[in-house]
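Q: Quick one: the structure is below, questions incoming.
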Amino acid sequence: MSEQKPDYGCAEKSNYAGICPNCGVDGRLNYGCAEITDGSVDYPYECDACHFKGHEYYTLRFDTHTDNSGHEPHYKLFNTE
Ligand SMILES: [Zn+2]
């Protein structure tokens with residue numbers, strides 16, 4: 001039995017970072033200035049291949065703290081300035 005896919009009523013489009021969802025070409029997205037909105041980053045872009053304009057969204061999640069030298073809290077020289 002095959003996996004059930006949602007029916008969007010149109011041809012299937014790819015949905016991967018860096019790949020144009022309109023023409024499917026990889027690595028031709030020209031990104032504009034990122035904007036941070038409600039826990040995600042929005043990168044507007046235009047595809048160099050087909051000129052489709054769209055947005056990529058990335059989810060933000062906490063990674064770590066650092067001091068101004070880039071040391072993480074467990075580092076022995078953390079915050080020694
Ligand atoms: Zn394209």
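Identifiers in this document derive from the order of the structure tokens: chains are assigned A, B, ..., residues are numbered from 1 separately in each chain, and ligands are numbered from 1 in order of occurrence.
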Within 6 Å of ligand 1, which residues show up when you count only C-alpha atoms and all ligand atoms? List them as a list in words, please.

A: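 After applying the 6 Å limit, what remains is Cys20, Asn22, Cys23, Val25, Cys47, Ala49, Cys50, His51 and Phe52 of chain A.
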
Q: Atoms to include: C-alpha atoms. Write the selected residues as a compact mmCIF listing (two decimals), in the first residue's frame.

A:
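Contents of result_2.txt, freshly written:
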# COMPACT_ATOMS: atom_id res chain seq x y z
CA CYS A 20 13.01 26.35 -6.74
CA ASN A 22 8.34 26.23 -9.43
CA CYS A 23 10.94 24.88 -11.91
CA VAL A 25 16.32 23.89 -10.38
CA CYS A 47 14.74 32.14 -9.00
CA ALA A 49 16.17 30.19 -13.84
CA CYS A 50 12.40 30.89 -14.07
CA HIS A 51 12.05 34.22 -12.18
CA PHE A 52 9.59 32.76 -9.70

Q: Could you give me, as a list of chain:residue names, the residues within 12 Å of region 28-35 of chain A, counting only C-alpha atoms and dropping anything in the same chain fewer than 6 positions from it?

A: A:Tyr16, A:Ala17, A:Gly18, A:Ile19, A:Cys20, A:Pro21, A:Asn22, A:Val41, A:Asp42, A:Tyr43, A:Pro44, A:Tyr45, A:Glu46, A:Cys47, A:Asp48, A:Ala49, A:Cys50, A:His51, A:Phe52, A:Lys53, A:Gly54, A:His55, A:Glu56, A:Tyr57, A:Tyr58, A:Leu60

Q: Would you save the residues from that selection as a PDB file, in the first residue's frame, using N, CA and C atoms?

A:
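For reference, out_13.pdb as written:
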ATOM      1  N   TYR A  16      12.002  21.853  -0.927  1.00  0.00           N
ATOM      2  CA  TYR A  16      13.308  21.690  -0.290  1.00  0.00           C
ATOM      3  C   TYR A  16      14.056  23.017  -0.305  1.00  0.00           C
ATOM      4  N   ALA A  17      14.870  23.240   0.754  1.00  0.00           N
ATOM      5  CA  ALA A  17      15.672  24.456   0.842  1.00  0.00           C
ATOM      6  C   ALA A  17      16.613  24.551  -0.358  1.00  0.00           C
ATOM      7  N   GLY A  18      16.660  25.714  -0.968  1.00  0.00           N
ATOM      8  CA  GLY A  18      17.603  25.978  -2.053  1.00  0.00           C
ATOM      9  C   GLY A  18      17.172  25.504  -3.424  1.00  0.00           C
ATOM     10  N   ILE A  19      16.034  24.816  -3.498  1.00  0.00           N
ATOM     11  CA  ILE A  19      15.536  24.311  -4.780  1.00  0.00           C
ATOM     12  C   ILE A  19      14.250  25.052  -5.132  1.00  0.00           C
ATOM     13  N   CYS A  20      14.201  25.596  -6.319  1.00  0.00           N
ATOM     14  CA  CYS A  20      13.010  26.354  -6.737  1.00  0.00           C
ATOM     15  C   CYS A  20      11.794  25.426  -6.787  1.00  0.00           C
ATOM     16  N   PRO A  21      10.711  25.770  -6.056  1.00  0.00           N
ATOM     17  CA  PRO A  21       9.519  24.916  -6.066  1.00  0.00           C
ATOM     18  C   PRO A  21       8.748  25.039  -7.376  1.00  0.00           C
ATOM     19  N   ASN A  22       9.062  26.031  -8.176  1.00  0.00           N
ATOM     20  CA  ASN A  22       8.343  26.226  -9.435  1.00  0.00           C
ATOM     21  C   ASN A  22       8.969  25.427 -10.579  1.00  0.00           C
ATOM     22  N   VAL A  41      12.680  32.589  10.428  1.00  0.00           N
ATOM     23  CA  VAL A  41      13.376  33.513   9.544  1.00  0.00           C
ATOM     24  C   VAL A  41      12.784  33.363   8.151  1.00  0.00           C
ATOM     25  N   ASP A  42      12.470  34.485   7.551  1.00  0.00           N
ATOM     26  CA  ASP A  42      11.848  34.534   6.234  1.00  0.00           C
ATOM     27  C   ASP A  42      12.875  35.074   5.236  1.00  0.00           C
ATOM     28  N   TYR A  43      13.278  34.225   4.278  1.00  0.00           N
ATOM     29  CA  TYR A  43      14.188  34.661   3.215  1.00  0.00           C
ATOM     30  C   TYR A  43      13.410  34.824   1.913  1.00  0.00           C
ATOM     31  N   PRO A  44      13.179  36.063   1.493  1.00  0.00           N
ATOM     32  CA  PRO A  44      12.564  36.241   0.183  1.00  0.00           C
ATOM     33  C   PRO A  44      13.583  35.922  -0.911  1.00  0.00           C
ATOM     34  N   TYR A  45      13.147  35.413  -2.036  1.00  0.00           N
ATOM     35  CA  TYR A  45      14.076  35.087  -3.122  1.00  0.00           C
ATOM     36  C   TYR A  45      13.400  35.217  -4.473  1.00  0.00           C
ATOM     37  N   GLU A  46      14.257  35.255  -5.491  1.00  0.00           N
ATOM     38  CA  GLU A  46      13.791  35.147  -6.868  1.00  0.00           C
ATOM     39  C   GLU A  46      14.645  34.089  -7.542  1.00  0.00           C
ATOM     40  N   CYS A  47      14.020  33.198  -8.296  1.00  0.00           N
ATOM     41  CA  CYS A  47      14.741  32.141  -9.000  1.00  0.00           C
ATOM     42  C   CYS A  47      15.393  32.721 -10.253  1.00  0.00           C
ATOM     43  N   ASP A  48      16.708  32.496 -10.395  1.00  0.00           N
ATOM     44  CA  ASP A  48      17.428  32.973 -11.579  1.00  0.00           C
ATOM     45  C   ASP A  48      17.002  32.236 -12.839  1.00  0.00           C
ATOM     46  N   ALA A  49      16.519  31.011 -12.672  1.00  0.00           N
ATOM     47  CA  ALA A  49      16.174  30.189 -13.839  1.00  0.00           C
ATOM     48  C   ALA A  49      14.796  30.539 -14.410  1.00  0.00           C
ATOM     49  N   CYS A  50      13.766  30.679 -13.547  1.00  0.00           N
ATOM     50  CA  CYS A  50      12.400  30.894 -14.070  1.00  0.00           C
ATOM     51  C   CYS A  50      11.776  32.192 -13.577  1.00  0.00           C
ATOM     52  N   HIS A  51      12.505  32.934 -12.721  1.00  0.00           N
ATOM     53  CA  HIS A  51      12.049  34.222 -12.180  1.00  0.00           C
ATOM     54  C   HIS A  51      10.849  34.130 -11.246  1.00  0.00           C
ATOM     55  N   PHE A  52      10.607  32.916 -10.729  1.00  0.00           N
ATOM     56  CA  PHE A  52       9.595  32.759  -9.697  1.00  0.00           C
ATOM     57  C   PHE A  52      10.057  33.506  -8.447  1.00  0.00           C
ATOM     58  N   LYS A  53       9.135  34.231  -7.801  1.00  0.00           N
ATOM     59  CA  LYS A  53       9.449  34.928  -6.552  1.00  0.00           C
ATOM     60  C   LYS A  53       8.736  34.240  -5.404  1.00  0.00           C
ATOM     61  N   GLY A  54       9.468  33.962  -4.326  1.00  0.00           N
ATOM     62  CA  GLY A  54       8.861  33.290  -3.188  1.00  0.00           C
ATOM     63  C   GLY A  54       9.623  33.554  -1.902  1.00  0.00           C
ATOM     64  N   HIS A  55       9.346  32.745  -0.888  1.00  0.00           N
ATOM     65  CA  HIS A  55       9.954  32.881   0.433  1.00  0.00           C
ATOM     66  C   HIS A  55      10.342  31.505   0.952  1.00  0.00           C
ATOM     67  N   GLU A  56      11.500  31.429   1.615  1.00  0.00           N
ATOM     68  CA  GLU A  56      11.857  30.234   2.379  1.00  0.00           C
ATOM     69  C   GLU A  56      11.743  30.601   3.849  1.00  0.00           C
ATOM     70  N   TYR A  57      11.172  29.699   4.648  1.00  0.00           N
ATOM     71  CA  TYR A  57      11.037  29.923   6.091  1.00  0.00           C
ATOM     72  C   TYR A  57      11.857  28.891   6.844  1.00  0.00           C
ATOM     73  N   TYR A  58      12.621  29.365   7.831  1.00  0.00           N
ATOM     74  CA  TYR A  58      13.423  28.497   8.686  1.00  0.00           C
ATOM     75  C   TYR A  58      12.971  28.697  10.121  1.00  0.00           C
ATOM     76  N   LEU A  60      13.433  28.934  14.050  1.00  0.00           N
ATOM     77  CA  LEU A  60      14.487  29.276  15.004  1.00  0.00           C
ATOM     78  C   LEU A  60      14.348  28.411  16.243  1.00  0.00           C
TER      79      LEU A  60
END

Q: Pick out each residue of chain A that DSSP on the backbone tags as strand (DSSP E); I need them as a list in words.

A: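 Answer for chain A restricted to strand (DSSP E) is Leu29, Asn30, Tyr31, Glu35, Ile36, Thr37, Ser40, Val41, Asp42, Tyr43, Pro44, Tyr45, Glu46, Cys47, Lys53, Gly54, His55, Glu56, Tyr57, Tyr58 and Thr59 of chain A.
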
Q: Keeping C-alpha atoms for every residue in the selection just given, could you write it to a file as a PDB file, in the first residue's frame?

A:
ATOM      1  CA  LEU A  29      17.690  31.119  -5.816  1.00  0.00           C
ATOM      2  CA  ASN A  30      18.749  34.706  -5.321  1.00  0.00           C
ATOM      3  CA  TYR A  31      18.040  35.588  -1.688  1.00  0.00           C
ATOM      4  CA  GLU A  35      13.532  38.980   8.178  1.00  0.00           C
ATOM      5  CA  ILE A  36      12.892  37.489  11.599  1.00  0.00           C
ATOM      6  CA  THR A  37       9.215  36.934  12.285  1.00  0.00           C
ATOM      7  CA  SER A  40      11.146  31.916  12.159  1.00  0.00           C
ATOM      8  CA  VAL A  41      13.376  33.513   9.544  1.00  0.00           C
ATOM      9  CA  ASP A  42      11.848  34.534   6.234  1.00  0.00           C
ATOM     10  CA  TYR A  43      14.188  34.661   3.215  1.00  0.00           C
ATOM     11  CA  PRO A  44      12.564  36.241   0.183  1.00  0.00           C
ATOM     12  CA  TYR A  45      14.076  35.087  -3.122  1.00  0.00           C
ATOM     13  CA  GLU A  46      13.791  35.147  -6.868  1.00  0.00           C
ATOM     14  CA  CYS A  47      14.741  32.141  -9.000  1.00  0.00           C
ATOM     15  CA  LYS A  53       9.449  34.928  -6.552  1.00  0.00           C
ATOM     16  CA  GLY A  54       8.861  33.290  -3.188  1.00  0.00           C
ATOM     17  CA  HIS A  55       9.954  32.881   0.433  1.00  0.00           C
ATOM     18  CA  GLU A  56      11.857  30.234   2.379  1.00  0.00           C
ATOM     19  CA  TYR A  57      11.037  29.923   6.091  1.00  0.00           C
ATOM     20  CA  TYR A  58      13.423  28.497   8.686  1.00  0.00           C
ATOM     21  CA  THR A  59      12.407  27.679  12.247  1.00  0.00           C
TER      22      THR A  59
END

Q: Would you mind reading off the distance between CA of His65 (chain A) and CA of Glu81 (chain A), one decimal, in Å?

A: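 Atom-to-atom, CA of His65 (chain A) and CA of Glu81 (chain A) are spaced 16.1 Å apart.
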
Q: Contacts of Ser69 (chain A) at 10 Å or less, counting only C-alpha atoms, minus same-chain residues fewer than 4 places along, as a PyMOL selection string?

A: chain A and resi 77-81

Q: How would the residues just picked look written out with N, CA and C atoms as a compact mmCIF listing (two decimals), in the first residue's frame?

A:
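Below is the file that was written, out-v9.txt:
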# COMPACT_ATOMS: atom_id res chain seq x y z
N LEU A 77 37.75 30.00 29.92
CA LEU A 77 37.98 31.44 29.81
C LEU A 77 36.69 32.21 29.53
N PHE A 78 35.56 31.59 29.85
CA PHE A 78 34.26 32.25 29.63
C PHE A 78 34.18 33.56 30.38
N ASN A 79 33.86 34.64 29.71
CA ASN A 79 33.60 35.94 30.32
C ASN A 79 34.77 36.44 31.17
N THR A 80 36.01 36.42 30.63
CA THR A 80 37.18 36.86 31.39
C THR A 80 37.64 38.25 30.98
N GLU A 81 36.89 38.93 30.15
CA GLU A 81 37.31 40.27 29.70
C GLU A 81 37.29 41.26 30.84

Q: CA of Asp26 (chain A) to CA of Lys13 (chain A): how many Å, to one decimal?

A: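 Between CA of Asp26 (chain A) and CA of Lys13 (chain A) the gap works out to 13.2 Å.
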